[in-house]
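Novice: What follows is start-v3.txt; its format and atoms are compact mmCIF, C-alpha atoms.
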```txt
# COMPACT_ATOMS: atom_id res chain seq x y z
CA MET Y 1 22.33 -105.46 29.99
CA TRP Y 2 25.84 -106.26 31.17
CA ALA Y 3 25.38 -109.89 30.24
CA LEU Y 4 24.53 -108.77 26.74
CA LEU Y 5 27.50 -106.45 26.57
CA ILE Y 6 29.93 -108.95 28.01
CA ALA Y 7 28.75 -111.42 25.40
CA GLY Y 8 29.91 -108.91 22.83
CA VAL Y 9 33.58 -109.21 23.80
CA THR Y 10 35.24 -110.98 20.94
CA THR Y 11 38.29 -111.23 18.80
CA VAL Y 12 38.14 -111.39 15.06
CA THR Y 13 40.46 -114.34 14.82
CA VAL Y 14 38.44 -116.73 16.91
CA GLY Y 15 35.42 -118.46 15.46
CA GLY Y 16 33.61 -118.91 18.73
CA PRO Y 17 29.93 -119.60 19.06
CA ALA Y 18 27.70 -118.76 16.16
CA SER Y 19 26.48 -115.40 17.33
CA ALA Y 20 26.99 -111.86 16.08
CA ASP Y 21 30.35 -110.29 16.88
CA GLY Y 22 28.90 -107.25 18.60
CA TYR Y 23 29.90 -104.09 16.80
CA PRO Y 24 30.47 -101.39 17.79
CA ASN Y 25 30.82 -101.30 21.55
CA GLY Y 26 28.87 -104.49 21.85
CA TRP Y 27 25.71 -103.26 20.17
CA TYR Y 28 23.81 -106.08 18.51
CA PRO Y 29 21.50 -105.42 15.60
CA ASP Y 30 17.79 -105.52 16.14
CA LYS Y 31 16.17 -108.50 14.45
CA GLY Y 32 13.22 -107.35 12.40
CA THR Y 33 11.45 -108.73 9.37
CA TYR Y 34 13.59 -106.49 7.21
CA HIS Y 35 16.98 -104.80 7.47
CA SER Y 36 15.52 -101.57 6.16
CA PHE Y 37 17.65 -98.83 4.67
CA CYS Y 38 17.39 -95.27 3.43
CA PHE Y 39 19.54 -92.45 2.11
CA SER Y 40 20.11 -89.21 3.96
CA LEU Y 41 19.29 -86.03 2.09
CA ALA Y 42 22.98 -85.45 1.31
CA PHE Y 43 23.74 -89.05 0.33
CA ALA Y 44 20.78 -89.08 -2.06
CA GLN Y 45 22.54 -86.43 -4.13
CA TYR Y 46 25.24 -88.93 -5.15
CA SER Y 47 23.50 -91.21 -7.64
CA GLY Y 48 26.56 -93.41 -8.15
CA LEU Y 49 26.74 -94.14 -4.43
CA VAL Y 50 22.99 -94.66 -4.17
CA SER Y 51 23.03 -97.31 -6.89
CA ARG Y 52 26.01 -99.06 -5.32
CA ALA Y 53 24.34 -99.05 -1.92
CA ARG Y 54 21.29 -100.68 -3.52
CA TYR Y 55 23.52 -103.32 -5.15
CA SER Y 56 25.09 -103.95 -1.75
CA MET Y 57 21.69 -104.69 -0.26
CA ASP Y 58 19.95 -106.51 -3.14
CA ASN Y 59 19.30 -110.14 -3.93
CA ASN Y 60 21.67 -110.33 -6.89
CA ASP Y 61 24.96 -110.15 -5.04
CA GLY Y 62 24.15 -108.01 -1.98
CA VAL Y 63 23.06 -108.82 1.54
CA GLU Y 64 19.87 -110.59 0.46
CA ALA Y 65 21.76 -112.84 -1.92
CA GLN Y 66 24.50 -113.72 0.55
CA THR Y 67 22.59 -114.13 3.82
CA VAL Y 68 19.17 -114.91 5.26
CA VAL Y 69 18.57 -111.20 5.85
CA ASN Y 70 15.80 -109.49 3.88
CA THR Y 71 16.31 -105.84 3.02
CA LEU Y 72 13.87 -103.07 2.22
CA GLU Y 73 14.45 -99.55 0.91
CA GLN Y 74 12.27 -96.92 2.54
CA SER Y 75 12.13 -93.22 3.35
CA CYS Y 76 14.26 -92.34 6.36
CA ALA Y 77 12.42 -92.71 9.65
CA SER Y 78 13.59 -92.98 13.23
CA ALA Y 79 13.63 -96.79 13.17
CA THR Y 80 15.14 -97.32 9.74
CA ASP Y 81 17.86 -99.91 10.32
CA VAL Y 82 20.54 -98.39 8.08
CA VAL Y 83 20.85 -94.70 7.22
CA PHE Y 84 23.46 -94.08 4.53
CA ARG Y 85 25.25 -90.76 5.06
CA ILE Y 86 28.04 -88.78 3.42
CA ALA Y 87 30.77 -88.05 5.96
CA ASP Y 88 34.03 -86.19 6.39
CA LEU Y 89 36.18 -88.75 8.18
CA HIS Y 90 39.28 -86.52 8.17
CA GLY Y 91 41.24 -88.73 5.81
CA LYS Y 92 41.52 -91.44 8.46
CA TYR Y 93 38.66 -93.72 7.44
CA TYR Y 94 36.90 -94.69 4.19
CA GLY Y 95 33.75 -95.59 6.08
CA TYR Y 96 32.38 -95.64 9.59
CA THR Y 97 29.36 -97.07 11.36
CA ASN Y 98 27.52 -95.73 14.39
CA CYS Y 99 24.61 -97.07 16.32
CA LEU Y 100 22.20 -94.12 16.32
CA ARG Y 101 19.55 -95.44 18.67
CA THR Y 102 18.71 -98.49 20.70
CA ASN Y 103 15.39 -100.03 21.56
CA ALA Y 104 14.12 -101.15 24.93
CA ASN Y 105 15.73 -104.58 24.66
CA GLY Y 106 19.14 -102.97 24.25
CA TYR Y 107 19.60 -103.86 20.60
CA CYS Y 108 20.63 -101.29 18.03
CA ASP Y 109 17.53 -100.17 16.21
CA SER Y 110 19.13 -97.75 13.74
CA TRP Y 111 22.64 -97.41 12.35
CA SER Y 112 24.40 -94.80 10.30
CA VAL Y 113 26.70 -96.00 7.53
CA ASP Y 114 29.04 -93.10 6.80
CA ILE Y 115 30.96 -93.00 3.53
CA ASP Y 116 33.83 -90.58 2.89
CA TRP Y 117 33.46 -90.38 -0.86
CA GLU Y 118 36.17 -87.71 -1.19
CA ILE Y 119 38.82 -89.92 0.40
CA ILE Y 120 37.74 -92.94 -1.62
CA LYS Y 121 38.08 -90.90 -4.80
CA GLN Y 122 41.51 -89.64 -3.69
CA ASN Y 123 42.99 -93.01 -2.79
CA ALA Y 124 41.31 -95.69 -4.87
CA ALA Y 125 42.44 -96.76 -8.31
CA ASN Y 126 38.80 -97.58 -9.03
CA ASP Y 127 36.54 -95.54 -6.78
CA GLY Y 128 33.41 -97.49 -7.74
CA TYR Y 129 34.98 -100.78 -6.68
CA GLU Y 130 36.20 -99.24 -3.42
CA ALA Y 131 32.75 -97.82 -2.78
CA ARG Y 132 31.32 -101.35 -3.10
CA HIS Y 133 33.97 -102.65 -0.70
CA THR Y 134 33.38 -99.91 1.85
CA LEU Y 135 29.60 -100.24 1.64
CA CYS Y 136 29.75 -104.02 2.07
CA HIS Y 137 32.15 -103.54 5.01
CA GLU Y 138 30.06 -100.97 6.85
CA ILE Y 139 26.77 -102.78 6.20
CA GLY Y 140 28.48 -105.83 7.72
CA HIS Y 141 28.89 -103.88 10.96
CA THR Y 142 25.16 -103.17 10.95
CA LEU Y 143 24.62 -106.92 10.67
CA GLY Y 144 26.75 -107.43 13.76
CA VAL Y 145 30.15 -108.50 12.47
CA GLN Y 146 33.59 -107.08 13.16
CA HIS Y 147 36.28 -106.07 10.71
CA TYR Y 148 39.77 -107.56 10.55
CA PHE Y 149 43.16 -106.35 9.44
CA SER Y 150 45.37 -107.71 6.68
CA GLY Y 151 46.66 -111.18 7.50
CA ALA Y 152 44.02 -111.90 10.12
CA SER Y 153 41.04 -113.12 8.11
CA PRO Y 154 38.78 -115.38 10.17
CA ASP Y 155 38.50 -117.47 7.00
CA GLY Y 156 42.24 -118.16 6.87
CA ALA Y 157 43.69 -117.46 3.46
CA THR Y 158 40.37 -116.23 2.09
CA ASN Y 159 39.62 -112.54 2.40
CA SER Y 160 36.26 -110.82 2.53
CA CYS Y 161 34.84 -107.31 2.43
CA MET Y 162 35.32 -107.09 6.21
CA ILE Y 163 39.04 -106.47 5.66
CA SER Y 164 40.01 -102.96 6.76
CA GLY Y 165 41.79 -100.71 4.29
CA LEU Y 166 41.73 -100.20 0.55
CA ALA Y 167 40.34 -103.18 -1.44
CA ASP Y 168 39.57 -101.70 -4.83
CA SER Y 169 40.46 -104.54 -7.19
CA GLY Y 170 36.87 -105.34 -8.05
CA ALA Y 171 37.40 -109.00 -7.15
CA ALA Y 172 34.22 -110.66 -5.89
CA TRP Y 173 35.60 -111.07 -2.37
CA THR Y 174 35.85 -107.29 -1.95
CA ARG Y 175 32.03 -107.08 -1.93
CA THR Y 176 31.30 -110.44 -0.32
CA TYR Y 177 31.04 -111.64 3.29
CA GLY Y 178 33.22 -114.61 4.16
CA ALA Y 179 31.88 -117.91 5.47
CA HIS Y 180 32.77 -117.00 9.06
CA HIS Y 181 30.82 -113.78 8.99
CA ARG Y 182 27.91 -115.25 7.02
CA SER Y 183 27.61 -117.90 9.70
CA HIS Y 184 27.42 -115.21 12.40
CA ILE Y 185 24.89 -113.16 10.45
CA ASN Y 186 22.68 -116.10 9.53
CA SER Y 187 22.56 -117.55 13.02
CA TRP Y 188 21.76 -114.13 14.50
CA PHE Y 189 18.97 -113.28 12.07
CA ALA Y 190 17.56 -116.80 11.55
CA MET O 1 47.07 -105.11 -11.78
CA ARG O 2 45.56 -102.05 -10.21
CA MET O 3 47.86 -99.59 -8.53
CA LYS O 4 46.91 -97.54 -5.52
CA LYS O 5 47.01 -93.80 -5.98
CA THR O 6 48.77 -93.42 -2.66
CA GLY O 7 51.80 -95.11 -1.26
CA LEU O 8 49.94 -96.03 1.88
CA THR O 9 50.30 -99.66 2.78
CA LEU O 10 48.03 -101.72 4.92
CA ALA O 11 50.57 -104.15 6.21
CA ALA O 12 50.32 -104.22 9.95
CA LEU O 13 47.96 -106.04 12.17
CA LEU O 14 46.23 -104.25 14.97
CA ALA O 15 44.91 -105.90 18.03
CA ALA O 16 41.21 -105.93 17.26
CA THR O 17 39.76 -106.98 20.55
CA THR O 18 36.73 -104.89 21.34
CA LEU O 19 36.08 -104.25 24.98
CA VAL O 20 32.72 -102.89 25.82
CA GLY O 21 31.50 -100.20 28.14
CA CYS O 22 28.11 -98.98 29.16
CA GLY O 23 27.60 -95.83 27.17
CA ALA O 24 25.08 -94.07 29.34
CA GLU O 25 25.14 -90.35 28.64
CA ASP O 26 24.53 -88.26 31.70
CA GLY O 27 24.01 -85.18 29.58
CA SER O 28 25.04 -82.81 32.32
CA GLN O 29 28.76 -83.34 32.80
CA LYS O 30 30.60 -81.49 30.07
CA VAL O 31 34.09 -81.23 31.57
CA VAL O 32 35.83 -83.68 33.82
CA ASP O 33 39.05 -82.88 35.60
CA ALA O 34 40.21 -86.42 35.28
CA PRO O 35 40.86 -88.10 38.65
CA ALA O 36 44.53 -88.34 39.45
CA SER O 37 46.08 -91.69 38.79
CA ALA O 38 47.35 -93.42 41.92
CA ALA O 39 50.22 -95.12 40.16
CA PRO O 40 53.47 -93.41 39.19
CA GLY O 41 53.34 -92.23 35.62
CA GLY O 42 49.62 -92.82 35.45
CA ALA O 43 49.75 -96.52 34.59
CA GLY O 44 47.49 -98.69 36.64
CA ASP O 45 44.26 -96.76 36.63
CA ALA O 46 43.91 -96.02 32.93
CA ASP O 47 41.48 -98.22 31.05
CA GLY O 48 43.13 -98.70 27.70
CA GLY O 49 40.44 -101.13 26.59
CA PHE O 50 37.81 -98.46 27.05
CA LEU O 51 39.84 -96.02 24.96
CA LYS O 52 40.41 -98.62 22.25
CA SER O 53 36.70 -99.34 22.10
CA LEU O 54 36.34 -95.79 20.75
CA GLN O 55 39.24 -96.03 18.30
CA ASP O 56 39.86 -97.87 15.00
CA ARG O 57 36.14 -98.33 14.56
CA GLY O 58 35.99 -97.43 10.89
CA ASP O 59 37.53 -98.79 7.71
CA LEU O 60 41.04 -97.41 8.26
CA VAL O 61 42.95 -95.66 5.49
CA THR O 62 46.39 -96.27 7.00
CA VAL O 63 47.86 -98.78 9.41
CA TYR O 64 51.53 -98.17 10.18
CA ARG O 65 54.03 -100.98 10.49
CA SER O 66 56.04 -99.26 13.22
CA LEU O 67 56.09 -96.27 15.52
CA GLU O 68 59.02 -94.90 13.55
CA GLU O 69 57.08 -95.11 10.28
CA ALA O 70 54.15 -93.31 11.88
CA ALA O 71 56.43 -90.64 13.35
CA ALA O 72 57.94 -89.98 9.93
CA ALA O 73 54.53 -89.66 8.24
CA GLU O 74 52.48 -87.70 10.76
CA SER O 75 53.11 -84.02 11.47
CA ILE O 76 53.13 -84.05 15.27
CA VAL O 77 55.17 -86.28 17.56
CA ALA O 78 55.07 -85.59 21.28
CA THR O 79 54.83 -87.10 24.72
CA GLY O 80 52.59 -85.84 27.49
CA VAL O 81 50.19 -86.67 30.29
CA ILE O 82 46.42 -86.49 30.36
CA ASP O 83 45.11 -83.39 32.08
CA ARG O 84 41.36 -83.40 31.55
CA VAL O 85 38.50 -84.63 29.35
CA ALA O 86 35.78 -82.31 28.03
CA ALA O 87 32.91 -82.38 25.58
CA GLY O 88 34.08 -81.58 22.05
CA ARG O 89 32.52 -80.75 18.73
CA THR O 90 29.03 -81.80 17.80
CA THR O 91 28.22 -82.33 14.14
CA VAL O 92 24.60 -82.36 13.04
CA GLN O 93 23.30 -84.03 9.88
CA THR O 94 19.74 -83.85 8.71
CA THR O 95 18.62 -87.34 7.79
CA ALA O 96 15.05 -86.52 6.79
CA PRO O 97 12.75 -83.60 7.51
CA GLY O 98 12.49 -83.39 11.30
CA LEU O 99 15.04 -86.14 11.87
CA GLU O 100 18.71 -85.49 12.65
CA ALA O 101 21.79 -87.39 13.72
CA ARG O 102 24.25 -85.78 16.12
CA ASP O 103 27.83 -87.01 16.18
CA GLN O 104 29.47 -86.28 19.53
CA THR O 105 33.15 -86.01 20.35
CA ALA O 106 35.34 -85.48 23.39
CA VAL O 107 38.51 -83.45 23.69
CA VAL O 108 41.33 -84.86 25.80
CA ARG O 109 43.66 -82.13 27.01
CA ILE O 110 47.25 -83.34 27.18
CA ARG O 111 49.91 -81.54 29.20
CA ILE O 112 52.88 -81.64 26.85
CA VAL O 113 56.11 -83.12 28.19
CA ARG O 114 58.23 -83.06 25.06
CA VAL O 115 57.66 -82.19 21.41
CA TYR O 116 59.80 -84.16 18.98
CA LYS O 117 58.18 -82.87 15.82
CA ALA O 118 55.64 -80.21 14.94
CA ALA O 119 55.80 -79.81 11.19
CA ASP O 120 53.78 -76.87 9.86
CA VAL O 121 51.77 -76.78 13.08
CA LYS O 122 51.85 -74.26 15.92
CA LEU O 123 51.10 -76.17 19.08
CA ASP O 124 49.90 -74.50 22.24
CA ASP O 125 52.85 -73.99 24.63
CA ALA O 126 51.49 -76.15 27.40
CA PHE O 127 48.69 -78.33 26.08
CA ALA O 128 47.68 -80.45 23.13
CA TYR O 129 44.00 -81.08 22.40
CA VAL O 130 43.03 -84.48 21.04
CA THR O 131 39.59 -85.26 19.66
CA LEU O 132 37.84 -88.60 20.10
CA ARG O 133 34.54 -89.73 18.60
CA ARG O 134 32.20 -90.92 21.32
CA GLY O 135 29.21 -91.96 19.25
CA ALA O 136 26.23 -90.55 17.45
CA GLU O 137 22.55 -90.46 18.22
CA ALA O 138 19.33 -89.94 16.35
CA THR O 139 17.49 -86.84 17.50
CA ALA O 140 14.45 -84.79 16.71
CA ALA O 141 15.07 -81.40 15.12
CA ASP O 142 15.23 -79.82 18.59
CA GLY O 143 18.10 -82.10 19.57
CA ALA O 144 16.09 -84.40 21.83
CA PRO O 145 17.37 -88.00 21.53
CA ILE O 146 15.03 -90.56 20.02
CA GLY O 147 15.23 -94.08 21.33
CA ALA O 148 13.84 -96.22 24.08
CA GLY O 149 17.03 -97.96 25.13
CA PRO O 150 20.51 -97.14 26.42
CA SER O 151 22.30 -94.11 25.01
CA THR O 152 24.61 -94.71 22.07
CA VAL O 153 26.96 -91.90 23.17
CA THR O 154 29.77 -92.49 25.65
CA SER O 155 29.55 -89.98 28.49
CA ILE O 156 32.32 -87.54 29.36
CA GLY O 157 32.24 -88.89 32.91
CA ALA O 158 32.89 -92.47 31.79
CA LEU O 159 35.66 -91.34 29.48
CA GLY O 160 37.24 -89.22 32.22
CA LYS O 161 37.26 -92.24 34.51
CA ALA O 162 39.00 -94.35 31.87
CA LEU O 163 41.60 -91.65 31.17
CA PRO O 164 42.78 -90.40 34.59
CA SER O 165 44.99 -87.34 34.81
CA GLY O 166 48.67 -88.18 34.82
CA THR O 167 48.26 -91.06 32.37
CA ARG O 168 51.23 -91.01 30.02
CA VAL O 169 50.53 -90.46 26.35
CA ILE O 170 52.37 -90.89 23.07
CA LEU O 171 51.04 -88.62 20.33
CA VAL O 172 52.00 -89.37 16.73
CA THR O 173 49.27 -87.54 14.93
CA SER O 174 48.13 -84.65 12.77
CA PRO O 175 45.67 -81.79 13.10
CA VAL O 176 42.05 -82.34 12.14
CA PRO O 177 41.61 -80.79 8.69
CA PRO O 178 39.21 -77.87 8.37
CA PRO O 179 35.63 -78.81 7.49
CA ARG O 180 35.04 -79.27 3.77
CA PRO O 181 32.96 -76.67 2.01
CA GLY O 182 29.28 -77.46 1.73
CA ALA O 183 27.07 -79.17 4.22
CA ASP O 184 27.13 -82.72 2.81
CA SER O 185 28.86 -84.14 5.85
CA GLY O 186 26.93 -82.09 8.36
CA ARG O 187 27.41 -78.81 10.16
CA VAL O 188 29.75 -78.42 13.10
CA VAL O 189 27.75 -76.57 15.71
CA THR O 190 30.39 -76.26 18.43
CA PRO O 191 33.73 -75.86 16.63
CA GLU O 192 35.73 -74.58 19.62
CA ALA O 193 34.29 -76.86 22.30
CA GLY O 194 36.91 -78.31 24.60
CA THR O 195 39.85 -76.45 23.10
CA SER O 196 41.77 -73.29 23.79
CA HIS O 197 41.09 -70.62 21.18
CA GLY O 198 43.39 -71.06 18.23
CA ALA O 199 45.00 -74.29 19.38
CA PRO O 200 44.88 -77.04 16.76
CA LEU O 201 42.62 -80.01 17.37
CA LEU O 202 44.52 -83.27 16.88
CA GLU O 203 43.27 -86.62 15.61
CA GLY O 204 42.72 -89.23 18.30
CA ASP O 205 40.32 -91.70 16.69
CA VAL O 206 43.08 -94.03 15.57
CA SER O 207 44.93 -96.00 18.23
CA GLN O 208 48.33 -95.61 16.60
CA LEU O 209 47.94 -91.83 16.67
CA PHE O 210 46.78 -91.37 20.26
CA SER O 211 48.17 -94.04 22.50
CA ILE O 212 48.18 -94.24 26.29
CA GLU O 213 50.11 -96.30 28.81
CA ASP O 214 47.68 -99.01 29.83
CA GLY O 215 47.41 -100.65 33.23
CA ASP O 216 49.85 -103.37 32.18
CA GLY O 217 52.46 -100.81 31.16
CA ARG O 218 51.92 -101.41 27.43
CA LEU O 219 50.88 -98.75 24.95
CA THR O 220 47.34 -99.10 23.66
CA GLY O 221 48.27 -98.31 20.05
CA TRP O 222 51.59 -100.15 20.10
CA PRO O 223 50.94 -103.20 22.26
CA SER O 224 54.40 -104.64 21.76
CA MET O 225 55.96 -101.52 23.33
CA THR O 226 56.07 -99.98 26.78
CA TYR O 227 55.97 -96.22 27.20
CA ASP O 228 59.73 -96.25 27.85
CA ASP O 229 60.34 -98.33 24.69
CA ALA O 230 58.45 -95.74 22.67
CA VAL O 231 60.33 -92.81 24.20
CA ALA O 232 63.63 -94.56 23.44
CA ALA O 233 62.55 -95.10 19.83
CA LEU O 234 61.54 -91.45 19.48
CA GLU O 235 64.79 -90.22 21.05
CA LYS O 236 66.62 -92.25 18.44
CA ALA O 237 64.44 -91.04 15.57
CA PHE O 238 64.65 -87.37 16.63
CA PRO O 239 68.14 -87.00 18.19
```
When written as C-alpha cells, how does the structure in this file appear?

Specialist:
Amino acid sequence: MWALLIAGVTTVTVGGPASADGYPNGWYPDKGTYHSFCFSLAFAQYSGLVSRARYSMDNNDGVEAQTVVNTLEQSCASATDVVFRIADLHGKYYGYTNCLRTNANGYCDSWSVDIDWEIIKQNAANDGYEARHTLCHEIGHTLGVQHYFSGASPDGATNSCMISGLADSGAAWTRTYGAHHRSHINSWFA
Amino acid sequence: MRMKKTGLTLAALLAATTLVGCGAEDGSQKVVDAPASAAPGGAGDADGGFLKSLQDRGDLVTVYRSLEEAAAAESIVATGVIDRVAAGRTTVQTTAPGLEARDQTAVVRIRIVRVYKAADVKLDDAFAYVTLRRGAEATAADGAPIGAGPSTVTSIGALGKALPSGTRVILVTSPVPPPRPGADSGRVVTPEAGTSHGAPLLEGDVSQLFSIEDGDGRLTGWPSMTYDDAVAALEKAFP
C-alpha cells in the first residue's frame, strides 16, 4: 500500500511519468468498464445542475468526448464511481471531492463530487458557466488528476478546467481538460 | 468581458505538493492530547505536509497574495500553540435510500498567545477551536462503513501525531458560518463536538487561514515566511 501511496506524491508543475496524479491523499481511481455516476437525493432537485453534470460526463464535450473513459448514469449504489452532492463549503470552496470508499486493491471505488451552488451563484457572473467549470474540475479529481493555481498550468500558457478559483467566462477551456491531464487520465484508464 | 461579482482575486500561487498519509481510522480514539513537541516552539516534530494534505483540497474561492491581505480580509488574526486534537462535527447526507455519506472533521484546540484582531467575534479567553475536514466515507443507514479497502477518513490519532502540542500557529481566519436552512447539504449530527460550549468554530481547511510552523521553520500556509517573519508582519499591521 505504501508503494502505491508514495507513487501518488506529485507536483502539478512537473509532467512526470504518464500516470494519474493521485488525488486526494494519493487515492487512485478504480479502473472499471465505466466511470459511473449518480445524483444524490438533494442534488437531483436542482435540474440545472443535473443537466450540466450530464454534459460534463457525455460524449459531446464531456469526459467521454475528451478522454478514453466511458461514463454511465445509474441510480446511486455503494460502488457508483461518482456521487454528485450539494454541499455547504462555508464560502471557502466552489467544489470539493472526497473518496468515499476504497476497494480491496486500495483504489478509490466511489467519490463524492460536492458542489456549493449557493457560493457559485453569489460569486459568478454566469453561474451556469461556473457550474460547468466546477463540475469539470471536480470530476477531474475523480479521474485522478490534481488542480493547479493561476500561473502554474502544467500546459504552460494554456489553461484548463483544473485551474482553482472562479473561471466563469464560458470559454471552452473552462470545461476542458488540458493535454497534460488528458495524458494522465488516458494512460491510467487505457 | 465578464466581471466577477466579488472583488476576490485569484492571483497567488500556492505550493500544491500533495504529501500522502495512511488514513486508517481507528474509530476509538476521539480526543488526543497531542504529544509535546521536543523542539523549542514546537518546530521539528510537526508534520506540515500531513496537515497540508488535508487543506486546499477543493476549488478555492480565495487565494490571498500576502499575509497582510489575508489579515485585512479575515475577521480573526491571532497567534497560538496547538493544545490538543479531537473529533469534530459529523455531517450526514443521504445519497440513496439506505445509503449515506458521513463527512468527518477534527477540531484542533489552540492555546491563544496573542489576538491581533477579532472583528465581530467573541473568542474564548484561552483557546481557539479550528475545524479541519478529515475525509468522508460511505456508510449504511446505521453508520457502518461500506468498503473493502483502507479507510478514507484520517484518524484523530494520526492527526494528533502530525500536530504535536506546542506547535506554533498563525491563525488568519473566520468563524464557520451557521448551517444553511434546509437539509440539502446534509445534517450536522454532532454540532458541539470538540469545542467548548459557545466558542466559535474557526475555519482551518485552507492553508493560508490555519498555518503551522513546519519542521523546517517555515509556515505551511506561507512557505516564504518563518513564524517570526509572520509575527513581525502582524505586529506592523496591528501596531

Novice: Identify every residue of chain Y that has at least one atom within 6 Å of any atom of chain O, counting only C-alpha atoms, and report the result as a list in words.

Specialist: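 Interface list for chain Y against chain O: Val9, Thr11, Asn25, Gly26, Ser40, Leu41, Ala42, Cys76, Ile86, Ala87, Asp88, Lys92, Tyr93, Tyr94, Gly95, Tyr96, Leu100, Arg101, Thr102, Asn103, Ala104, Gly106, Asn123, Ala124, Ala125, Phe149, Ser164 and Gly165 of chain Y.
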
Novice: What does the distance between atom CA of Gly204 of chain O and atom CA of Val189 of chain O come to in Å, to one decimal place?

Specialist: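 Interatomic distance, atom CA of Gly204 of chain O to atom CA of Val189 of chain O: 19.8 Å.
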
Novice: Skip segment 171-187 of chain Y itself and residues of its chain fewer than 3 positions away, then list as a ChimeraX atom specification all residues within 9 Å of it, counting all atoms listed in the file.

Specialist: /Y:15,17-21,56,61-63,66-69,129-130,132-137,140,143-146,153-155,158-163,167-168,190

Novice: Would you mind reading off the distance between atom CA of Glu138 of chain Y and atom CA of Leu171 of chain O, one decimal, in Å?

Specialist: 27.8 Å

Novice: Can you tell me how far atom CA of Pro164 of chain O sits from atom CA of Arg84 of chain O, in Å to one decimal?

Specialist: 7.8 Å

Novice: For each of Y:Asp116, Y:Glu73, Y:Glu64, Y:Asp109, take the minimum atom-to-atom distance to Leu89 of chain Y, counting all atoms listed in the file, then give the residue where this is smallest.

Specialist: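 Comparing Y:Asp116, Y:Glu73, Y:Glu64, Y:Asp109 against Leu89 of chain Y, the winner is Y:Asp116.
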
Novice: Give the padded box for segment 56-75 of chain O as lines of an AutoDock Vina configuration file: axis-aligned, covering all atoms listed in the file, 5 Å on each side, centre and edge lengths in Å to one decimal.

Specialist:
```
center_x = 47.5
center_y = -92.5
center_z = 10.5
size_x = 33.0
size_y = 27.0
size_z = 20.0
```

Novice: Can you list, as a short mmCIF file (atom, residue, chain, number, x, y, z; two decimals) with C-alpha atoms, in the frame of the given file, every protein, DNA or RNA residue that comes within 7 Å of Val81 of chain O when you count all atoms listed in the file, leaving out same-chain residues fewer than 3 positions away?

Specialist:
```cif
data_model
loop_
_atom_site.label_atom_id
_atom_site.label_comp_id
_atom_site.auth_asym_id
_atom_site.auth_seq_id
_atom_site.Cartn_x
_atom_site.Cartn_y
_atom_site.Cartn_z
CA ILE O 110 47.25 -83.34 27.18
CA ARG O 111 49.91 -81.54 29.20
CA ILE O 112 52.88 -81.64 26.85
CA SER O 165 44.99 -87.34 34.81
CA GLY O 166 48.67 -88.18 34.82
CA THR O 167 48.26 -91.06 32.37
CA ARG O 168 51.23 -91.01 30.02
CA VAL O 169 50.53 -90.46 26.35
#
```

Novice: Quick one: everything within 6 Å of Ser36 of chain Y, counting only C-alpha atoms, minus sequence neighbours fewer than 3 positions away in the same chain. Send it as a list of chain:residue names.

Specialist: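 Surrounding residues, per the criterion: Y:Thr71, Y:Leu72, Y:Glu73, Y:Thr80, Y:Asp81.
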
Novice: Rank Y:Thr97, Y:Gln122, Y:Ser110, Y:Asn70 by their smallest atom-to-atom distance to Asp30 of chain Y, using all atoms listed in the file, and report the top residue only.

Specialist: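 For Asp30 of chain Y, the nearest of the candidates is Y:Ser110.
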
Novice: Please provide as a list of chain:residue names all residues within 12 Å of Thr226 of chain O, with the sequence filter that same-chain residues fewer than 3 positions apart are discarded (counting all atoms listed in the file).

Specialist: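 Returned residues: O:Ala43, O:Leu67, O:Arg168, O:Val169, O:Ile170, O:Ser211, O:Ile212, O:Glu213, O:Asp214, O:Gly215, O:Asp216, O:Gly217, O:Arg218, O:Leu219, O:Thr220, O:Gly221, O:Trp222, O:Pro223, O:Asp229, O:Ala230, O:Val231, O:Ala232, O:Ala233.
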
Novice: Measuring atom to atom with only C-alpha atoms, identify which of Y:Phe37, Y:Gln45, Y:His141, Y:Gly91 is nearest to Ser174 of chain O.

Specialist: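 Of all the options, Y:Gly91 lies closest to Ser174 of chain O.
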
Novice: Using all atoms listed in the file, which protein or nucleic acid residues come within 12 Å of Tyr46 of chain Y? Drop anything in the same chain fewer than 2 positions from it, and give the result as an MDAnalysis selection string.

Specialist: (chainID Y and resid 39:44 48:53 84:86 115:118 131) or (chainID O and resid 184)
